[in-house]
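Data from input_0.cif: mmCIF, C-alpha atoms
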```
data_model
loop_
_atom_site.label_atom_id
_atom_site.label_comp_id
_atom_site.auth_asym_id
_atom_site.auth_seq_id
_atom_site.Cartn_x
_atom_site.Cartn_y
_atom_site.Cartn_z
CA MET Z 1 -89.52 43.74 -178.08
CA SER Z 2 -86.19 43.52 -176.29
CA GLU Z 3 -83.73 46.42 -176.51
CA LEU Z 4 -81.17 44.47 -178.53
CA ARG Z 5 -83.68 43.13 -181.04
CA PHE Z 6 -85.13 46.63 -181.49
CA LEU Z 7 -81.66 48.13 -182.02
CA ILE Z 8 -80.62 45.47 -184.54
CA THR Z 9 -83.79 46.14 -186.56
CA GLU Z 10 -83.10 49.87 -186.54
CA ILE Z 11 -79.45 49.48 -187.59
CA TRP Z 12 -80.46 47.08 -190.38
CA GLU Z 13 -82.99 49.63 -191.64
CA GLY Z 14 -80.23 52.22 -191.97
CA ARG Z 15 -80.68 54.39 -188.90
CA SER Z 16 -77.70 55.74 -187.00
CA THR Z 17 -76.70 54.24 -183.68
CA THR Z 18 -77.90 57.34 -181.84
CA ARG Z 19 -81.24 57.35 -183.64
CA ALA Z 20 -81.71 53.64 -182.88
CA PHE Z 21 -81.12 54.16 -179.14
CA LEU Z 22 -83.28 57.30 -179.15
CA ASN Z 23 -86.19 55.55 -180.87
CA PHE Z 24 -86.00 52.74 -178.32
CA ALA Z 25 -86.08 55.23 -175.45
CA LEU Z 26 -89.00 57.11 -177.00
CA SER Z 27 -90.95 53.88 -177.51
CA ARG Z 28 -91.54 53.89 -173.74
CA GLU Z 29 -93.09 57.37 -173.74
CA VAL Z 30 -96.79 58.16 -174.11
CA LEU Z 31 -98.05 61.15 -176.09
CA LYS Z 32 -101.09 62.69 -174.46
CA GLY Z 33 -103.61 65.28 -175.54
CA LYS Z 34 -102.98 68.24 -177.78
CA THR Z 35 -99.40 67.82 -179.00
CA ILE Z 36 -97.04 70.05 -180.98
CA ASP Z 37 -93.79 68.89 -182.57
CA VAL Z 38 -91.56 71.98 -182.68
CA GLY Z 39 -88.91 71.83 -185.40
CA GLY Z 40 -89.34 68.19 -186.32
CA GLY Z 41 -90.59 68.68 -189.86
CA LYS Z 42 -92.79 66.22 -191.72
CA ASP Z 43 -92.84 62.42 -191.51
CA VAL Z 44 -90.39 62.04 -188.61
CA ASP Z 45 -89.78 58.42 -187.70
CA TYR Z 46 -89.83 58.79 -183.90
CA LEU Z 47 -93.58 59.42 -183.84
CA SER Z 48 -94.23 55.92 -185.13
CA PHE Z 49 -92.51 54.41 -182.08
CA MET Z 50 -94.15 56.51 -179.38
CA LYS Z 51 -97.36 55.36 -177.72
CA LYS Z 52 -100.43 57.61 -178.00
CA ASP Z 53 -103.44 57.78 -175.75
CA GLU Z 54 -106.99 58.36 -177.01
CA THR Z 55 -106.70 62.15 -176.59
CA PHE Z 56 -103.62 62.53 -178.84
CA LEU Z 57 -103.89 65.21 -181.53
CA LEU Z 58 -100.74 66.34 -183.40
CA ARG Z 59 -99.61 69.61 -184.91
CA ASN Z 60 -96.24 69.87 -186.70
CA PHE Z 61 -94.57 73.27 -186.46
CA ASP Z 62 -91.50 73.91 -188.59
CA MET Z 63 -90.30 76.03 -191.51
CA LYS Z 64 -90.36 72.81 -193.55
CA THR Z 65 -94.11 72.61 -192.98
CA GLY Z 66 -94.69 76.20 -194.10
CA ASP Z 67 -94.46 78.00 -190.75
CA VAL Z 68 -92.42 81.20 -191.15
CA VAL Z 69 -90.92 81.75 -187.70
CA ASP Z 70 -87.32 82.48 -186.77
CA PHE Z 71 -86.54 80.19 -183.82
CA GLU Z 72 -83.63 82.48 -182.95
CA LYS Z 73 -85.79 85.46 -182.01
CA ASP Z 74 -89.50 85.13 -182.82
CA ARG Z 75 -92.23 84.27 -180.37
CA LEU Z 76 -93.96 81.05 -181.34
CA PRO Z 77 -97.51 81.90 -182.50
CA VAL Z 78 -98.94 79.79 -179.72
CA ALA Z 79 -100.71 80.87 -176.54
CA ASP Z 80 -99.16 80.31 -173.12
CA GLY Z 81 -99.92 76.80 -171.87
CA GLU Z 82 -101.73 75.74 -175.03
CA TYR Z 83 -100.33 72.21 -175.42
CA ASP Z 84 -100.48 69.10 -173.26
CA THR Z 85 -97.32 67.75 -174.88
CA VAL Z 86 -94.48 69.60 -176.62
CA LEU Z 87 -91.91 67.63 -178.63
CA PHE Z 88 -88.53 69.29 -179.15
CA LEU Z 89 -86.23 66.64 -180.57
CA ASN Z 90 -82.91 67.15 -182.39
CA VAL Z 91 -83.52 70.88 -182.79
CA MET Z 92 -81.70 72.87 -180.11
CA GLU Z 93 -78.18 72.20 -181.40
CA HIS Z 94 -79.16 74.07 -184.57
CA ILE Z 95 -80.28 77.22 -182.72
CA PHE Z 96 -77.63 79.72 -181.65
CA ASN Z 97 -79.97 81.66 -179.32
CA HIS Z 98 -80.90 78.50 -177.46
CA GLN Z 99 -82.11 80.33 -174.35
CA HIS Z 100 -84.84 82.05 -176.36
CA ILE Z 101 -86.23 78.86 -177.90
CA ALA Z 102 -85.96 77.01 -174.57
CA HIS Z 103 -88.14 79.69 -172.98
CA GLU Z 104 -90.65 79.43 -175.83
CA VAL Z 105 -91.12 75.67 -175.68
CA VAL Z 106 -91.52 75.79 -171.90
CA ARG Z 107 -94.00 78.68 -172.18
CA ILE Z 108 -96.43 76.76 -174.38
CA VAL Z 109 -96.67 73.67 -172.12
CA LYS Z 110 -99.98 73.44 -170.27
CA SER Z 111 -100.10 73.06 -166.49
CA GLY Z 112 -99.98 69.31 -165.91
CA GLY Z 113 -98.37 68.84 -169.34
CA GLN Z 114 -94.95 67.71 -170.52
CA LEU Z 115 -92.07 68.75 -172.74
CA ILE Z 116 -90.05 65.90 -174.29
CA GLY Z 117 -86.76 66.90 -175.89
CA PHE Z 118 -83.51 65.43 -177.12
CA VAL Z 119 -80.10 66.77 -178.08
CA PRO Z 120 -77.19 64.74 -179.49
CA PHE Z 121 -73.85 64.81 -177.68
CA LEU Z 122 -71.30 62.47 -179.30
CA MET Z 123 -72.28 63.37 -182.84
CA TRP Z 124 -70.56 64.56 -185.99
CA TYR Z 125 -71.15 68.02 -187.46
CA HIS Z 126 -74.58 68.02 -189.12
CA PRO Z 127 -75.71 71.46 -190.39
CA ASP Z 128 -79.43 72.07 -190.92
CA HIS Z 129 -78.89 74.92 -191.82
CA SER Z 130 -76.28 75.31 -189.06
CA ASP Z 131 -74.92 73.18 -186.22
CA PHE Z 132 -73.81 75.21 -183.20
CA PHE Z 133 -73.68 73.30 -179.92
CA ARG Z 134 -73.35 70.07 -177.96
CA TYR Z 135 -74.98 70.16 -174.52
CA THR Z 136 -74.18 68.27 -171.33
CA ASP Z 137 -76.80 67.30 -168.77
CA GLU Z 138 -75.57 70.11 -166.52
CA ALA Z 139 -76.02 72.67 -169.30
CA LEU Z 140 -79.55 71.46 -170.08
CA LEU Z 141 -80.59 71.78 -166.44
CA LYS Z 142 -79.34 75.36 -166.26
CA ILE Z 143 -80.86 76.34 -169.62
CA PHE Z 144 -84.32 75.07 -168.71
CA GLU Z 145 -84.17 76.39 -165.16
CA SER Z 146 -83.43 79.80 -166.69
CA ALA Z 147 -86.40 79.24 -169.03
CA GLY Z 148 -88.73 78.98 -166.05
CA ALA Z 149 -88.97 75.21 -165.65
CA ASP Z 150 -88.74 73.69 -162.19
CA GLN Z 151 -89.46 69.99 -162.84
CA ILE Z 152 -86.64 68.92 -165.16
CA THR Z 153 -85.27 65.43 -165.70
CA VAL Z 154 -82.28 64.77 -167.97
CA VAL Z 155 -81.58 61.17 -169.02
CA PRO Z 156 -78.38 60.18 -170.86
CA VAL Z 157 -78.88 57.92 -173.86
CA HIS Z 158 -75.78 55.74 -173.75
CA ARG Z 159 -74.21 52.34 -173.40
CA GLY Z 160 -70.43 52.79 -173.30
CA PRO Z 161 -67.31 53.83 -175.25
CA PHE Z 162 -67.55 51.16 -177.93
CA ILE Z 163 -71.10 52.06 -178.92
CA ALA Z 164 -70.03 55.72 -178.84
CA GLY Z 165 -67.29 54.90 -181.33
CA CYS Z 166 -69.69 52.78 -183.35
CA GLN Z 167 -71.98 55.81 -183.71
CA MET Z 168 -69.19 57.81 -185.31
CA VAL Z 169 -68.13 55.26 -187.93
CA LEU Z 170 -70.95 52.77 -188.58
CA ALA Z 171 -72.67 54.71 -191.35
CA TRP Z 172 -69.52 54.51 -193.50
CA PHE Z 173 -69.65 50.71 -193.69
CA PRO Z 174 -71.71 48.69 -196.19
CA ARG Z 175 -75.14 47.75 -194.87
CA LEU Z 176 -74.40 44.03 -194.69
CA VAL Z 177 -71.60 44.48 -192.14
CA ARG Z 178 -73.22 47.16 -189.97
CA VAL Z 179 -75.15 44.73 -187.76
CA PRO Z 180 -72.12 42.49 -187.01
CA ILE Z 181 -69.99 45.56 -186.15
CA PHE Z 182 -72.77 46.91 -183.95
CA LEU Z 183 -73.13 43.57 -182.13
CA VAL Z 184 -69.39 43.45 -181.39
CA CYS Z 185 -69.49 46.97 -179.94
CA TYR Z 186 -72.66 46.21 -177.96
CA GLY Z 187 -71.03 43.09 -176.50
CA LEU Z 188 -67.81 44.90 -175.57
CA ASP Z 189 -69.82 47.58 -173.80
CA THR Z 190 -71.72 44.91 -171.88
CA PHE Z 191 -68.38 43.89 -170.41
CA PHE Z 192 -67.30 47.53 -169.91
CA VAL Z 193 -70.47 48.48 -168.03
CA LYS Z 194 -70.08 45.53 -165.68
CA LYS Z 195 -66.50 46.54 -164.87
CA ARG Z 196 -66.89 50.34 -164.88
CA PRO Z 197 -70.60 51.15 -164.41
CA ALA Z 198 -69.98 54.68 -163.13
CA PHE Z 199 -68.13 55.61 -166.32
CA ALA Z 200 -70.77 54.54 -168.86
CA CYS Z 201 -72.64 57.87 -168.74
CA ARG Z 202 -69.47 59.67 -169.83
CA TYR Z 203 -70.07 58.30 -173.33
CA ALA Z 204 -73.55 59.69 -173.88
CA LEU Z 205 -74.83 59.59 -177.44
CA GLY Z 206 -77.23 62.33 -176.40
CA TYR Z 207 -79.63 63.46 -173.70
CA LEU Z 208 -83.36 63.09 -173.39
CA PHE Z 209 -84.89 65.79 -171.25
CA PHE Z 210 -88.35 66.10 -169.73
CA VAL Z 211 -90.04 69.16 -168.32
CA ARG Z 212 -93.23 68.59 -166.34
CA LYS Z 213 -95.64 71.33 -165.31
#
```
Can the structure in the file be given as structure tokens, please?
Amino acid sequence: MSELRFLITEIWEGRSTTRAFLNFALSREVLKGKTIDVGGGKDVDYLSFMKKDETFLLRNFDMKTGDVVDFEKDRLPVADGEYDTVLFLNVMEHIFNHQHIAHEVVRIVKSGGQLIGFVPFLMWYHPDHSDFFRYTDEALLKIFESAGADQITVVPVHRGPFIAGCQMVLAWFPRLVRVPIFLVCYGLDTFFVKKRPAFACRYALGYLFFVRK
């Protein structure tokens, strides 16, 4: 499915602009082996878009699934290098002691494994139970370097300023007009990116980050 068709479907189904772009980006990733989703809760939609190989086996780990662990200070009850894949999506902005949890999710990745994470950037305040930070790509690199990672890739999820503005206001419009508004913003950013390609990343909806071991 093309990017635009995928995004239109997501917007029509009621997802935010950021979530639509994130789900499209994640649809290109493959989940391998023993996998843990840290902080995602139950029935998260992104898992349905991600490819899985034949070795995929999932564990959800979150207070919402009955796990009593304080992400601010507790050690995750997981052995070092236990998981082939660690998912850490839309969680870190809600943790004040982000360096601690960054260290923990890196610690539990197996040698040869991967950590896949995401943080929003141009996003409204969304407490769950709190909402503390917005991270740049530079900040994420430093945080995960300090957590002991040495193979880190940070990818901005973006299109341009009009889609960034669309993210902030689209949810307030009736469903029937969301797709037309989105298409106008998408088209304007197509023109913007052609004229000012180096500036597009300044309007990141968020950042995907990957740690490989």
- So which one's closest to Ser111 of chain Z, Z:Val211, Z:Leu76, Z:Cys201, Z:Ile11? Using only C-alpha atoms, please. Z:Val211
- Message: I'd like to see the residues matched by the PyMOL selection byres ((chain Z and resi 90-106) around 9) on this file, and ideally I'd get them as a PyMOL selection string.
- Response: chain Z and resi 38-40+71-76+80-81+86-89+107-110+114-115+117-120+126-135+143-144+146-149+211+213
- Taking only C-alpha atoms into account, which of Z:Thr153, Z:Thr35, Z:Asp45, Z:Leu208 comes nearest Phe61 of chain Z?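 Once distances to Phe61 of chain Z are computed over only C-alpha atoms, the minimum belongs to Z:Thr35.
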- Query: Given the choices Z:Arg178, Z:Arg202, Z:Arg196, Z:Arg28, which gets closest to Asp137 of chain Z if the distance is worked out from all atoms listed in the file?
  - Reply: Z:Arg202
- Interatomic distance, atom CA of Tyr207 of chain Z to atom CA of Thr136 of chain Z (Å, one decimal):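 Taking atom CA of Tyr207 of chain Z as the start and atom CA of Thr136 of chain Z as the end point, the length is 7.6 Å.
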- Identify all residues satisfying the PyMOL selection byres ((chain Z and resi 25) around 10) in the given file; provide them as a VMD selection string. chain Z and resid 3 19 to 24 26 to 29 46 49 to 50 155 157 208
- Query: Do you know which residues are at most 8 Å from Gly113 of chain Z counting only C-alpha atoms, after dropping those on the same chain fewer than 6 positions away, and could you put them as JSON, numbers by chain?
  - Reply: {"Z": [83, 84, 85, 212, 213]}
Output the selection as a short mmCIF file (atom, residue, chain, number, x, y, z; two decimals), in the frame of the given file - C-alpha atoms for each residue.
```cif
data_model
loop_
_atom_site.label_atom_id
_atom_site.label_comp_id
_atom_site.auth_asym_id
_atom_site.auth_seq_id
_atom_site.Cartn_x
_atom_site.Cartn_y
_atom_site.Cartn_z
CA TYR Z 83 -100.33 72.21 -175.42
CA ASP Z 84 -100.48 69.10 -173.26
CA THR Z 85 -97.32 67.75 -174.88
CA ARG Z 212 -93.23 68.59 -166.34
CA LYS Z 213 -95.64 71.33 -165.31
#
```
- Query: Quick one, how far is atom CA of Ala204 of chain Z from atom CA of Ile163 of chain Z?
  - Reply: 9.5 Å
- Message: To one decimal place in Å, what is the distance between atom CA of Val30 of chain Z and atom CA of Phe209 of chain Z?
- Response: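 For atom CA of Val30 of chain Z relative to atom CA of Phe209 of chain Z, the distance reads 14.4 Å.
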- Among the residues Z:Ala171, Z:Leu188, Z:Ala198, Z:Val78, the one that comes closest to Trp12 of chain Z [using only C-alpha atoms]: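 Among the listed residues, the smallest separation from Trp12 of chain Z belongs to Z:Ala171.
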- Item | Among listed residues Z:Val179, Z:Tyr125, Z:Glu82, Z:Asp43, nearest Cys166 of chain Z (using only C-alpha atoms) |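 Closest to Cys166 of chain Z, using only C-alpha atoms: Z:Val179.
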Picked residues, the PyMOL selection byres ((chain Z and resi 58) around 9), expected as an mmCIF file with C-alpha atoms, in the frame of the given file:
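Generated output (selection_33.cif):
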```
data_model
loop_
_atom_site.group_PDB
_atom_site.id
_atom_site.type_symbol
_atom_site.label_atom_id
_atom_site.label_comp_id
_atom_site.auth_asym_id
_atom_site.auth_seq_id
_atom_site.Cartn_x
_atom_site.Cartn_y
_atom_site.Cartn_z
ATOM 1 C CA GLY Z 33 -103.610 65.280 -175.540
ATOM 2 C CA LYS Z 34 -102.980 68.240 -177.780
ATOM 3 C CA THR Z 35 -99.400 67.820 -179.000
ATOM 4 C CA ILE Z 36 -97.040 70.050 -180.980
ATOM 5 C CA ASP Z 37 -93.790 68.890 -182.570
ATOM 6 C CA PHE Z 56 -103.620 62.530 -178.840
ATOM 7 C CA LEU Z 57 -103.890 65.210 -181.530
ATOM 8 C CA ARG Z 59 -99.610 69.610 -184.910
ATOM 9 C CA ASN Z 60 -96.240 69.870 -186.700
#
```
- Of the residues Z:Phe173, Z:Ile152, Z:Pro180, Z:Gly160, which is the one nearest to Lys194 of chain Z, using only C-alpha atoms?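 When distances to Lys194 of chain Z are compared using only C-alpha atoms, the smallest one comes from Z:Gly160.
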